[in-house]
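Colleague: First the structure, which I've put down as structure tokens, then a few questions once you've had a look.
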Amino acid sequence: MVSTRDDDRGQLLLVAAIVVAAAVLGGVVLLNTVHSSPDLSSQTDAQSVINTDRTVDQIENDLRGLFMANAVDENGIRLPYANSRFEAAVDAYNNEYTRLISTNQSAVATVELNASESIDGAVAYANQSSAEFVDDGNEFVVTDADELPRLRIRLDDVSDDLRVRINDSDPLGTPADDIEFEVSDSGGITGDIQCSGADDAPIEIDLVHGAGEVTGDGAYCTVAVEESDWDLDEYNVKFEYGTATNGTYAVSGEDGGPALIDCADPCETGLVNPVFDLTYQNPNVVFSSTFTLYERDDR
Amino acid sequence: MREMQHSRGQAYVLEGIVGAVIVVSALLLGLQAVDIAPWTASDERATEDIRTQMGDTLDGAQDTDALRTLATCLARDDEPHPNVASTEGTTTEFGDVLANTTAESFNYRIFLDYNTSSGVKTVGIDTDSPLPNQPTVTVSRQVALYDSDVVRENPSCVPRIGADGEPVTLEEESGGIYLADQDPNSELFAVVRIRVIAW
């Protein structure tokens with residue numbers, strides 16, 4: 001009798017074990033059916049992050065455009081410096097942008113000019129009414145700059161070579177110490193930046209802290225001066241040009257070096273490297289950053 | 001003996017229940033393995049594809065300033081030119097971008113939104129597509145316009161030339177075109193939104 005009872009108990013234990021296993025399996029099935037909720041949530045989060053990334057990129061691009069549009073010379077050429085109206089333009093952009101995006105999404109963007117972090121300086125530029133490439137005949141267009149956030153040259157005639165020399169000594173020291181490149185109609189651009197195809201006008205060189213792009217008639221190059229070379233105590237920029245050299249330029253230099261910045265006429269002083277406080281917020285993401293227009297990147 | 005048979009009967013019942021549970025569980029697991037998700041999620045995936053591709057198209061157009069042209073290219077009535085998004089015949093840069101990317105794949109309608117003193121106004125740029133018969137996505141990009149931006153005209157969106165022989169700017173045309181200078185005291189002219197509904 002005792003032995004029969006033990007058999008029965010064994011069978012019950014087996015059944016109980018199977019019940020537990022079935023419960024576990026059932027649990028797995030049930031849990032599996034609710035997997036979509038966290039998945040959906042992560043999709044929404046990912047979409048929000050993508051939207052935020054894109055929106056911030058777009059705002060930064062708009063600010064670049066607004067900065068360039070802020071100062072225009074008498075020939076309609078946009079210059080890389082900001083006058084006194086720039087802060088009002090940033091405020092207006094902030095208001096209009098938020099007013100527009102808030103009509104179809106729950107989002108707010110705030111953009112402010114950070115005046116205390118922004119850097120003043122000077123920008124020397126070409127005046128097309130002048131017969132000479134540099135109006136006052138001085139070959140040094142910028143001297144004693146702490147940094148060169150933007151150097152832009154457009155050449156409409158390269159039948160005479162243009163040599164650009166940048167050094168931390170004024171007058172320029174030995175050629176071996178220079179950051180130097182030359183534009184000619186025979187070899188394109190050679191030296192510390194190179195673009196052999198850019199030998200036909202118009203040629204445009206646009207550098208931000210020594211890195212950027214060159215476009216010519218049918219040529220395009222991304223270029224960069226070696227980072228170890230683009231590391232001077234102060235920057236003096238000299239153009240060596242011929243009588244046929246023709247085009248425009250805008251070279252901006254930051255103040256704050258060992259000596260006060262100076263530049264060849266025509267020259268304007270003002271904000272040359274603005275810094276912005278940028279915040280974008282939607283129900284899923286809050287993004288906040290400080291955006292420097294011409295930031296020196298590692299390369 | 002009677003007591004023992006009663007216990008075994010209970011065990012049989014439990015075995016039957018467990019057997020049923022196992023069969024049902026196997027059935028559920030089997031069905032789960034067949035994954036019916038694609039049936040229910042196909043629309044969502046398709047719309048996400050459209051959103052991504054249309055977003056990339058607008059980003060490409062923005063990189064080449066084609067979205068700025070879209071907002072500043074005007075017809076005779078100084079409203080946005082109806083040909084600015086055309087992908088056939090005389091095309092603009094924006095039309096070319098569309099023709100090379102999404103025009104053959106999706107239907108879309110393009111609108112331009114802008115602020116006025118009485119709220120946001122909308123003007124249709126390309127609204128020829130029939131009404132959507134499936135889920136749609138909306139992709140939009142904002143464009144900041146500046147006082148010195150050039151006004152364009154004609155189906156090919158060439159610069160409008162003024163009496164002095166120079167291209168006319170938005171600031172010079174302010175008051176006569178569909179957009180008003182949103183901040184006359186600064187270089188900012190207006191912020192507009194290009195909004196595309198695609199399906």
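Chain identifiers are assigned as A, B, and so on, following the order in which chains appear in the structure tokens; residues are numbered from 1 within each chain, and ligands are numbered from 1 in order of appearance.
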Could you please tell me, as a count of residues only, which residues of chain A have an atom within 9 Å of chain B when using only C-alpha atoms?
Modeller: 43
Colleague: Report as an MDAnalysis selection string: the residues of range 77-295 of chain A with a DSSP assignment of strand (DSSP E or B), based on the backbone of this structure.
Modeller: chainID A and resid 78 82 108:113 119:125 140:145 150:157 162:167 179:184 188:191 195 203:208 211:216 219:224 235:240 246:254 262:263 267:273 275:281 286:292
Colleague: One decimal, Å: what's the distance from CA of Asn104 in chain A over to CA of Glu93 in chain B, could you say?
Modeller: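 Result for CA of Asn104 in chain A versus CA of Glu93 in chain B: 27.3 Å, one decimal.
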Colleague: Fewer than 5 positions away in the same chain doesn't count, so skip those; otherwise give me all residues within 6 Å of Asp146 in chain A, counting only C-alpha atoms, as a ChimeraX atom specification.
Modeller: /A:234,254-257
Colleague: Put those residues in a file: N, CA and C atoms, as a CSV table (one decimal), in the first residue's frame.
Modeller:
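Contents of part_11.csv, freshly written:
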chain,number,residue,atom,x,y,z
A,234,GLU,N,51.2,83.8,-34.4
A,234,GLU,CA,50.3,84.8,-35.0
A,234,GLU,C,50.4,84.6,-36.5
A,254,GLU,N,41.4,86.8,-36.4
A,254,GLU,CA,40.9,87.1,-35.1
A,254,GLU,C,41.9,87.9,-34.3
A,255,ASP,N,41.4,88.8,-33.5
A,255,ASP,CA,42.2,89.6,-32.6
A,255,ASP,C,42.5,88.7,-31.3
A,256,GLY,N,43.5,89.1,-30.6
A,256,GLY,CA,43.9,88.4,-29.4
A,256,GLY,C,45.3,87.9,-29.4
A,257,GLY,N,46.0,88.1,-30.4
A,257,GLY,CA,47.4,87.7,-30.5
A,257,GLY,C,48.4,88.6,-29.7
Colleague: From a backbone DSSP assignment, name each residue in range 3-167 of chain B labelled alpha helix (DSSP H), as a PyMOL selection string.
Modeller: chain B and resi 3-34+37-63+66-72+93-100
Colleague: So, with only C-alpha atoms as the atoms that count, which of A:Val183, A:Ala124, A:Val24, A:Ile203 lies closest to Arg150 in chain A?
Modeller: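 Closest candidate: A:Ala124.
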Colleague: Within 10 Å of Gln194 in chain A, counting only C-alpha atoms, which residues show up once you throw out same-chain ones fewer than 6 positions away? Write them as JSON, numbers by chain, please.
Modeller: {"A": [181, 182, 183, 187, 188, 214, 221, 222, 223, 224, 225]}
Colleague: Have a look at CA of Ile125 in chain B and CA of Thr92 in chain B and let me know their distance in Å, one decimal.
Modeller: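 Between CA of Ile125 in chain B and CA of Thr92 in chain B the gap works out to 13.2 Å.
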Colleague: Check the smallest atom-to-atom distance from each of B:Thr57, B:Thr72, B:Thr136, B:Ser129 to Asn100 in chain B using only C-alpha atoms, then report the winner.
Modeller: B:Thr57
Colleague: Do you have the CA of Arg154 in chain A-CA of Trp230 in chain A distance handy?
Modeller: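 These atoms are spaced 21.7 Å apart.
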Colleague: Just the residues within 12 Å of Glu166 in chain B, please, counting only C-alpha atoms, with nothing from its chain fewer than 5 positions along; format it as a PyMOL selection string.
Modeller: (chain A and resi 75-76) or (chain B and resi 150-151+159-161+172)
Colleague: Would you list the contacts of Asp206 in chain A as a list in words, taking every protein, DNA or RNA residue within 6 Å and counting only C-alpha atoms, but skipping same-chain residues closer than 5 positions in sequence?
Modeller: Leu151, Arg152, Gly212 and Glu213 of chain A
Colleague: Restrict the selected residues to C-alpha atoms and save them as an mmCIF file, in the first residue's frame.
Modeller:
data_model
loop_
_atom_site.group_PDB
_atom_site.id
_atom_site.type_symbol
_atom_site.label_atom_id
_atom_site.label_comp_id
_atom_site.auth_asym_id
_atom_site.auth_seq_id
_atom_site.Cartn_x
_atom_site.Cartn_y
_atom_site.Cartn_z
ATOM 1 C CA LEU A 151 40.435 82.865 -46.137
ATOM 2 C CA ARG A 152 38.545 83.142 -49.408
ATOM 3 C CA GLY A 212 38.481 73.670 -47.130
ATOM 4 C CA GLU A 213 37.957 73.347 -50.832
#
Colleague: Can you pull out every residue within 10 Å of Thr101 in chain B, counting only C-alpha atoms, but drop anything in the same chain fewer than 2 positions away, and send it as an NGL selection string?
Modeller: :B and (53-54 or 56-57 or 60 or 95-99 or 103-106)
